[in-house]
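Visitor: Below is one structure. I have some questions about it.
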Amino acid sequence: MDALDVARWQFGVTTVYHFLFVPLTIGLSVLVAILQTLWRRTGNERYLKLTKFYGKLFLINFAMGVVTGIVQEFQFGMNWSDYSRFVGDIFGAPLAIEALVAFFLESTFIGLWIFGWDRLPPRLHLASIWAAAIGTNLSAYFILAANSFMQNPVGYRINPDTGRAELTDFLAVLTNKVALITFPHTLAGSFLVAGSLVLTVGLWHVMRHPDSADTSTYRFATRFGAWVVMTSTALVLITGDIQGKIMTQVQPMKMAAAEGLYTTESPASFSVLTIGSLDGSRELFAIKIPYLLSYLGTGDPHGTVHGINDLQAQYASQYGAGSYTPIIPVTYWSFRFMVGFGLAAAAIALLILWAQRKGRTPTSRWLLRAGLILPVLPLLANSFGWIFTEMGRQPWIVFGEMLTRDGVSRSVSLTEVLTSFTAFTLVYATLAVIECKLLIRYARAGVPDVTPTPVTDDTDDTERPLAFAY
Amino acid sequence: MDLTTIWFLLVAVLFTGYFILEGFDFGVGMLLPVLGRDDRERRVLINTIGPVWDGNEVWLITAVGAMFAAFPEWYATLLSGFYLPMLLILLALIARGVAFEYRHKRPEAQWKHRWDTAIVVGSLVPAILWGVAFANILRGVPLDADHEYAGGLFNLLNPYALLGGATTAALFLTHGAVFIALKTTGDIRQRAGVLAVRLGAGTTAVTVAFLAWTLTIRASAAAVVLAAGAALALLGGLAAARVRREGWAFTGTAAAIGLAVATLFAALFPTVLPSTLDPAGTLTATNAAATPYTLTIMSWVAVLFTPIVLAYQGWTYWVFRKRIGVANIPRH
C-alpha cells in the first residue's frame, strides 16, 4: 500500500459518498419547486403541505451535499497536485465558474427560501426555490464538463516547453460530446432518486394510515413520484444508449471492459451475467444476448466491438509498454449493477402505480417492503454508474494524456493521506447514520399543519415569531 | 495592468470578501456558549447568520476555484503543502455546516449540546488555521525547484504563523460580537456590545503586532498604508462599539479585516508563495499563472457574473436586515 492507493481510495469513497446526496438535491429541488408552483397556481393546500414536507427532507439532505462538496474542490489540490498542475489551465475554469455562476445562486436562494416564507412576497419566494434549483442543476453541468475532459480531452494542446495541457478552445470543452450526453444522463439518474423518495414516503403513509385526513395528499405524492421515476427511467435509458455509443468511439477500452470482451467481435453479444474461473481466465457459465453489445456500442447489431486484447496491444504500441486495461471484474459488474438497480427501481414504481390504479389502496406487505427499499436502488445505480465510468477510465487520469499514478501529490506522505482518508471515512460514516435517522424521523412525521397562525393587531411586529428558525 | 495582476487582485478580493463575511459567522459560532445562555438565546445567535452563512462560504469555494483556474501551480502547491491544516479546516467546515442545519431537528438537550460543540469547534479551528495558513504564505515555506512543498507540519507552526492564527481568531471574535450587537435586540445585544469592547484591547494588540511583524518580513508602500488603515479601522470600530453605534462598529471591524487581508496580499505581490529553500521554487503571479487565453475567458465570466452575484447577495442581507430577539424564536 502506498500513498497513491490510499489517495485513490479516498477519492472513491468521498466522491461516491458526495454523490449519494447530490442526486437528491438535484432532483428534489426541482420537484419541490414544482409542488410549490402547483400550490401557487391552484391554491390547493395539499401542495403546500407537500412543499413543506418534502422541502424539509430536501434540506436535511442538502446540508450534506454542500459540506461534502467543499472536500471535492480541495481534494484535487491536496491529493492530486501533479494532476492539478498538468490540467489546471483547463480544469480549474469550470470549477471556478461552477462556484461563481451556480453555487452562489444555489446557496443564496436556498437561504432566501428557507427563511423567507414570511419575509418575501409569495412570487419572489417561489422564484427563490426555482433559482436554487437552477443553480443546483447548472452546477452539475460545469462539474461534468470538467469530468468529461478527463474521459475525452478536447480543446487543448500540450505545451512542449512545460509538458502541461493548455486550453485552446473553451467552447470545445463546454460542448464536449461526452459532457453533452453525460449531463442529461446524470440529471435523469438524479430525478430517478428524487422521484423514488417522493414515491416511497407517500406510499408508506398511504399504506400505514389509510384513514388519515391527508391520505389523498399522500396518494397524489405516490403517483407524482411514480411518474417521475417512470419518466426518468425512460430518459436514463435513452441517454445511456447514446452515451454507450459515444463511449465506444472515444474510450473503446471502457466499452470492452464493460463486457469483459477480450477479443474483437462482430457481431458481439452482451452477457447478462458471467461466472468465470477464479483467476478470470476461463468462462464457466454465461447468459448471453446475441447482437446486443454490437447494438449498444455502435447502433448496428452486426457492428464490430473491439476487444481488450486488441486495444491493449494498440495502446502499448501507441503509448509505450504497460497495462492499459482497467480492472475487468469491477467494470463488468459495476456496469450490470448500474443497469440492474435502475431497472429494478422502475419495475417497482410501475407495480406500485398499477396497485394504485383507479383509486385503489395497495395492501400487499410485499409491495410495501419493495417500496421501502426503492430509494436505495437508484442510489446504488448512480454509485455504480460512477464507479464504472471512473474505474473504466483507468489507468488514465486524463485519457491518453496522463496516468493516474503520475497525478498524485509527490509531497504528501502515506501517513498524511492515511490520516485524511481515515478521518473522512469516520466522519462521513457517522454523518450518514445521523442523516438517515433524521430523514426517516421526518418522513414518518408526515405533512405539517399549514393553517396560518392568525395575526392579531395587538401583537407588535417585532415580537412575532419567525416563520422558520434554525 | 496585465491579466495575471488582475487575477492576483481578484483572488485577493475573493479571500478578503470571504474573511469579512465568514469572519463574523465564525465569530458568532465561537461566541455561541459565551453569549447564548440558554437554548433560545443560542437559537437567536444561530439565526442571525442562518440565511447567509452558506452564501458566505461560497466566497471560499469561489476563491479557491479562481486560484485553481488562474494560478494552478499556486493552488496545487498550497493545498498539497498545507495538507493537515487544510484537512482540519475541511473537517471543521463539515461539522459546523451540518450542525447549523441539524441542531434544531431533535428536541433532546444532549443532541443540541453536541451540535453546539460542533459549531464552536468548527468555527474556532478555521478561524485560527486560516491565519496560520496566510501567515505562512506571506513568510514563505520550503519549496523545491519543481514548486513541491519540501517541509513538514512543523514548518507551518512557527511563532509568526501562530501569531497570525491568534490574530484572525481575535479579529473574527470581535467582528462576531459586533455583528451580534448589530443584529439582535434586548439582553443579548447589550452583552454582545460590552463583550466587543472588552475584546477590543487584546484584539488590537495582536493585530498591530502581527501587521508590524508582517511588514518586517516583506513590505511595500501599499502594504504599509493598508496596515495603518487596518489598525485605524479597528480602533474606529471599537470606539463606535463603545458608544453603541453598532452599524459603524461593524463597518469598522469589517474594514479592519478587509484591510488586514489586503495588507498581506499587497506585501506579497508579485510573489504568491515564496520559497525559503530553493529560490527557484518561489511561485509568482507570472510563473504560477494559467495561459492568457484561460485568464481572458475567466475575466469575461467574472465581469459578467460578479455584479449579478453581488446584487443578489447584497439583496439577501437587505431582506434579512431586521434585528431578532428571543421573542422571535418560535417555540418549536
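Please note that chains go A, B, ... in the order of the C-alpha cells, that every chain numbers its residues from 1, and that ligands are numbered from 1 in the order shown.
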Within 6 Å of chain B, which residues belong to chain A? Use only C-alpha atoms and report them as a VMD selection string.
Guide: chain A and resid 63 67 77 to 78 81 84 to 85 88 to 89 92 to 93 95 to 96 99 to 100 107 to 108 111 411 463 to 466 470
Visitor: Grab the residues selected above and save them as an mmCIF file, in the first residue's frame with N, CA, C and O atoms.
Guide:
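Generated output (again-v6.cif):
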```
data_model
loop_
_atom_site.group_PDB
_atom_site.id
_atom_site.type_symbol
_atom_site.label_atom_id
_atom_site.label_comp_id
_atom_site.auth_asym_id
_atom_site.auth_seq_id
_atom_site.Cartn_x
_atom_site.Cartn_y
_atom_site.Cartn_z
ATOM 1 N N ALA A 63 -27.794 19.903 3.189
ATOM 2 C CA ALA A 63 -26.637 20.274 4.008
ATOM 3 C C ALA A 63 -25.468 19.321 3.770
ATOM 4 O O ALA A 63 -24.315 19.737 3.651
ATOM 5 N N VAL A 67 -21.558 20.329 2.332
ATOM 6 C CA VAL A 67 -20.299 20.216 3.076
ATOM 7 C C VAL A 67 -19.364 19.170 2.466
ATOM 8 O O VAL A 67 -18.145 19.340 2.498
ATOM 9 N N GLY A 77 -6.283 19.547 -5.218
ATOM 10 C CA GLY A 77 -5.023 20.181 -4.859
ATOM 11 C C GLY A 77 -4.270 19.404 -3.796
ATOM 12 O O GLY A 77 -3.047 19.288 -3.837
ATOM 13 N N MET A 78 -5.007 18.851 -2.832
ATOM 14 C CA MET A 78 -4.341 18.181 -1.719
ATOM 15 C C MET A 78 -3.718 16.849 -2.132
ATOM 16 O O MET A 78 -2.548 16.595 -1.874
ATOM 17 N N SER A 81 -2.047 16.922 -6.701
ATOM 18 C CA SER A 81 -1.493 18.220 -7.083
ATOM 19 C C SER A 81 -0.764 18.155 -8.427
ATOM 20 O O SER A 81 -0.778 19.125 -9.181
ATOM 21 N N SER A 84 -3.346 18.461 -10.887
ATOM 22 C CA SER A 84 -3.816 19.850 -10.916
ATOM 23 C C SER A 84 -2.857 20.753 -11.691
ATOM 24 O O SER A 84 -3.288 21.648 -12.413
ATOM 25 N N ARG A 85 -1.546 20.514 -11.514
ATOM 26 C CA ARG A 85 -0.579 21.312 -12.275
ATOM 27 C C ARG A 85 -0.719 21.035 -13.770
ATOM 28 O O ARG A 85 -0.660 21.930 -14.600
ATOM 29 N N GLY A 88 -4.546 22.187 -14.764
ATOM 30 C CA GLY A 88 -5.137 23.367 -14.119
ATOM 31 C C GLY A 88 -5.635 24.413 -15.097
ATOM 32 O O GLY A 88 -6.681 25.037 -14.894
ATOM 33 N N ASP A 89 -4.902 24.581 -16.199
ATOM 34 C CA ASP A 89 -5.274 25.619 -17.164
ATOM 35 C C ASP A 89 -6.653 25.355 -17.765
ATOM 36 O O ASP A 89 -7.350 26.281 -18.171
ATOM 37 N N GLY A 92 -9.468 24.006 -13.995
ATOM 38 C CA GLY A 92 -9.810 24.977 -12.954
ATOM 39 C C GLY A 92 -10.965 25.872 -13.370
ATOM 40 O O GLY A 92 -11.815 26.243 -12.551
ATOM 41 N N ALA A 93 -11.008 26.219 -14.675
ATOM 42 C CA ALA A 93 -12.014 27.173 -15.146
ATOM 43 C C ALA A 93 -13.453 26.707 -14.878
ATOM 44 O O ALA A 93 -14.232 27.452 -14.269
ATOM 45 N N LEU A 95 -14.501 24.704 -12.660
ATOM 46 C CA LEU A 95 -14.724 24.688 -11.216
ATOM 47 C C LEU A 95 -14.992 26.095 -10.680
ATOM 48 O O LEU A 95 -15.888 26.302 -9.856
ATOM 49 N N ALA A 96 -14.192 27.059 -11.165
ATOM 50 C CA ALA A 96 -14.379 28.438 -10.709
ATOM 51 C C ALA A 96 -15.731 28.968 -11.186
ATOM 52 O O ALA A 96 -16.455 29.637 -10.446
ATOM 53 N N ALA A 99 -18.597 27.653 -9.166
ATOM 54 C CA ALA A 99 -18.779 28.354 -7.895
ATOM 55 C C ALA A 99 -19.453 29.703 -8.118
ATOM 56 O O ALA A 99 -20.436 30.049 -7.457
ATOM 57 N N LEU A 100 -18.925 30.458 -9.085
ATOM 58 C CA LEU A 100 -19.427 31.822 -9.287
ATOM 59 C C LEU A 100 -20.849 31.839 -9.839
ATOM 60 O O LEU A 100 -21.691 32.620 -9.402
ATOM 61 N N SER A 107 -26.833 28.658 -3.069
ATOM 62 C CA SER A 107 -26.757 28.876 -1.621
ATOM 63 C C SER A 107 -27.542 30.109 -1.196
ATOM 64 O O SER A 107 -28.239 30.098 -0.177
ATOM 65 N N THR A 108 -27.450 31.186 -1.968
ATOM 66 C CA THR A 108 -28.135 32.421 -1.581
ATOM 67 C C THR A 108 -29.646 32.223 -1.626
ATOM 68 O O THR A 108 -30.366 32.607 -0.691
ATOM 69 N N GLY A 111 -31.110 30.000 1.082
ATOM 70 C CA GLY A 111 -31.254 30.773 2.323
ATOM 71 C C GLY A 111 -32.517 31.612 2.285
ATOM 72 O O GLY A 111 -33.292 31.658 3.248
ATOM 73 N N SER A 411 4.477 15.483 -2.728
ATOM 74 C CA SER A 411 4.962 15.953 -1.423
ATOM 75 C C SER A 411 4.124 15.431 -0.255
ATOM 76 O O SER A 411 4.431 15.708 0.890
ATOM 77 N N GLU A 463 -42.244 41.428 17.734
ATOM 78 C CA GLU A 463 -42.331 40.336 18.699
ATOM 79 C C GLU A 463 -42.783 39.043 18.044
ATOM 80 O O GLU A 463 -42.833 37.996 18.684
ATOM 81 N N ARG A 464 -43.195 39.123 16.772
ATOM 82 C CA ARG A 464 -43.786 37.957 16.127
ATOM 83 C C ARG A 464 -42.730 36.883 15.874
ATOM 84 O O ARG A 464 -41.617 37.187 15.451
ATOM 85 N N PRO A 465 -43.089 35.616 16.133
ATOM 86 C CA PRO A 465 -42.112 34.553 15.871
ATOM 87 C C PRO A 465 -41.783 34.452 14.389
ATOM 88 O O PRO A 465 -42.644 34.709 13.530
ATOM 89 N N LEU A 466 -40.585 34.056 14.084
ATOM 90 C CA LEU A 466 -40.176 33.851 12.702
ATOM 91 C C LEU A 466 -40.939 32.662 12.125
ATOM 92 O O LEU A 466 -41.262 31.719 12.831
ATOM 93 N N TYR A 470 -33.763 28.213 12.685
ATOM 94 C CA TYR A 470 -32.905 27.076 12.983
ATOM 95 C C TYR A 470 -33.093 26.693 14.440
ATOM 96 O O TYR A 470 -33.265 27.562 15.284
#
```
Visitor: Please compute the CA of Ser266 (chain A)-CA of Gly244 (chain A) distance, one decimal, in Å.
Guide: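 Atom-to-atom, CA of Ser266 (chain A) to CA of Gly244 (chain A), that is 16.6 Å.
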Visitor: Would you mind listing what lies within 10 Å of Gln190 (chain B) as a list in words, with only C-alpha atoms counted and same-chain residues fewer than 5 positions away left out?
Guide: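 Counting only the stated atoms, we get Ile180, Ala181, Thr184, Thr185, Leu195 and Arg244 of chain B.
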Visitor: Could the residues in this selection be saved with C-alpha atoms as a PDB file, in the first residue's frame?
Guide:
```
ATOM      1  CA  ILE B 180     -24.434  40.118  17.102  1.00  0.00           C
ATOM      2  CA  ALA B 181     -24.879  43.540  18.717  1.00  0.00           C
ATOM      3  CA  THR B 184     -30.143  41.295  17.907  1.00  0.00           C
ATOM      4  CA  THR B 185     -32.373  43.021  20.420  1.00  0.00           C
ATOM      5  CA  LEU B 195     -18.059  41.933  25.043  1.00  0.00           C
ATOM      6  CA  ARG B 244     -23.136  51.756  20.897  1.00  0.00           C
TER       7      ARG B 244
END
```
Visitor: Please report the interatomic distance between CA of Gly202 (chain B) and CA of Thr253 (chain B) in Å with one decimal.
Guide: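 Going from CA of Gly202 (chain B) over to CA of Thr253 (chain B), I get 13.9 Å.
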Visitor: Nearest to Ala230 (chain B) among B:Ala161, B:Glu22, B:Leu156, B:Ala254, with distances taken over only C-alpha atoms: which residue is it?
Guide: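 Using only C-alpha atoms, the shortest distance to Ala230 (chain B) belongs to B:Ala254.
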Visitor: Excluding Ala192 (chain B) and its own-chain neighbours fewer than 5 positions away, which residues fall within 9 Å of it when counting only C-alpha atoms? Please give them as JSON, numbers by chain.
Guide: {"B": [35, 176, 177, 178, 179, 180, 181, 182, 187, 197]}
Visitor: Enter the distance from CA of Arg365 (chain A) to CA of Arg208 (chain A), in Å, rounded to one decimal.
Guide: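 Result for CA of Arg365 (chain A) versus CA of Arg208 (chain A): 10.5 Å, one decimal.
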Visitor: Using backbone DSSP assignments, extract all strand (DSSP E or B) residues from region 197-322 of chain B; output them as a list in words.
Guide: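 Strand (DSSP E or B) members of region 197-322 of chain B, listed: Thr271, Val272, Leu273, Ser275, Leu283 and Thr284 of chain B.
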Visitor: Write a file of the just-selected residues containing N, CA and C atoms, as an mmCIF file, in the first residue's frame.
Guide:
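result_29.cif was written with the following content:
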```cif
data_model
loop_
_atom_site.group_PDB
_atom_site.id
_atom_site.type_symbol
_atom_site.label_atom_id
_atom_site.label_comp_id
_atom_site.auth_asym_id
_atom_site.auth_seq_id
_atom_site.Cartn_x
_atom_site.Cartn_y
_atom_site.Cartn_z
ATOM 1 N N THR B 271 4.879 38.131 -5.758
ATOM 2 C CA THR B 271 5.072 36.746 -5.355
ATOM 3 C C THR B 271 3.725 36.197 -4.882
ATOM 4 N N VAL B 272 3.499 34.894 -5.053
ATOM 5 C CA VAL B 272 2.280 34.327 -4.478
ATOM 6 C C VAL B 272 2.603 33.288 -3.398
ATOM 7 N N LEU B 273 3.778 32.656 -3.513
ATOM 8 C CA LEU B 273 4.213 31.747 -2.444
ATOM 9 C C LEU B 273 5.733 31.684 -2.480
ATOM 10 N N SER B 275 9.570 30.766 -1.635
ATOM 11 C CA SER B 275 10.261 29.576 -1.157
ATOM 12 C C SER B 275 11.374 29.987 -0.211
ATOM 13 N N LEU B 283 6.973 30.767 -6.127
ATOM 14 C CA LEU B 283 5.871 30.930 -7.075
ATOM 15 C C LEU B 283 5.500 32.400 -7.153
ATOM 16 N N THR B 284 5.340 32.876 -8.390
ATOM 17 C CA THR B 284 4.940 34.270 -8.577
ATOM 18 C C THR B 284 3.650 34.318 -9.396
#
```
Visitor: With distances taken over only C-alpha atoms, which residue among B:Leu226, B:Val206, B:Ala118, B:Leu232 lies nearest Tyr160 (chain B)?
Guide: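 Going through B:Leu226, B:Val206, B:Ala118, B:Leu232 one by one, the smallest distance to Tyr160 (chain B) is for B:Val206.
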Visitor: Do you know which residues are at most 12 Å from Met391 (chain A) counting only C-alpha atoms, after dropping those on the same chain fewer than 5 positions away, and could you put them as a PyMOL selection string?
Guide: chain A and resi 8-9+11-12+151+253-255+257-258+324-335+383-386+396-397+399+404
Visitor: So, with only C-alpha atoms as the atoms that count, which of A:Ala179, A:Leu167, A:Leu235, A:Ala443 lies closest to Ala140 (chain A)?
Guide: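 For Ala140 (chain A), the nearest of the candidates is A:Ala179.
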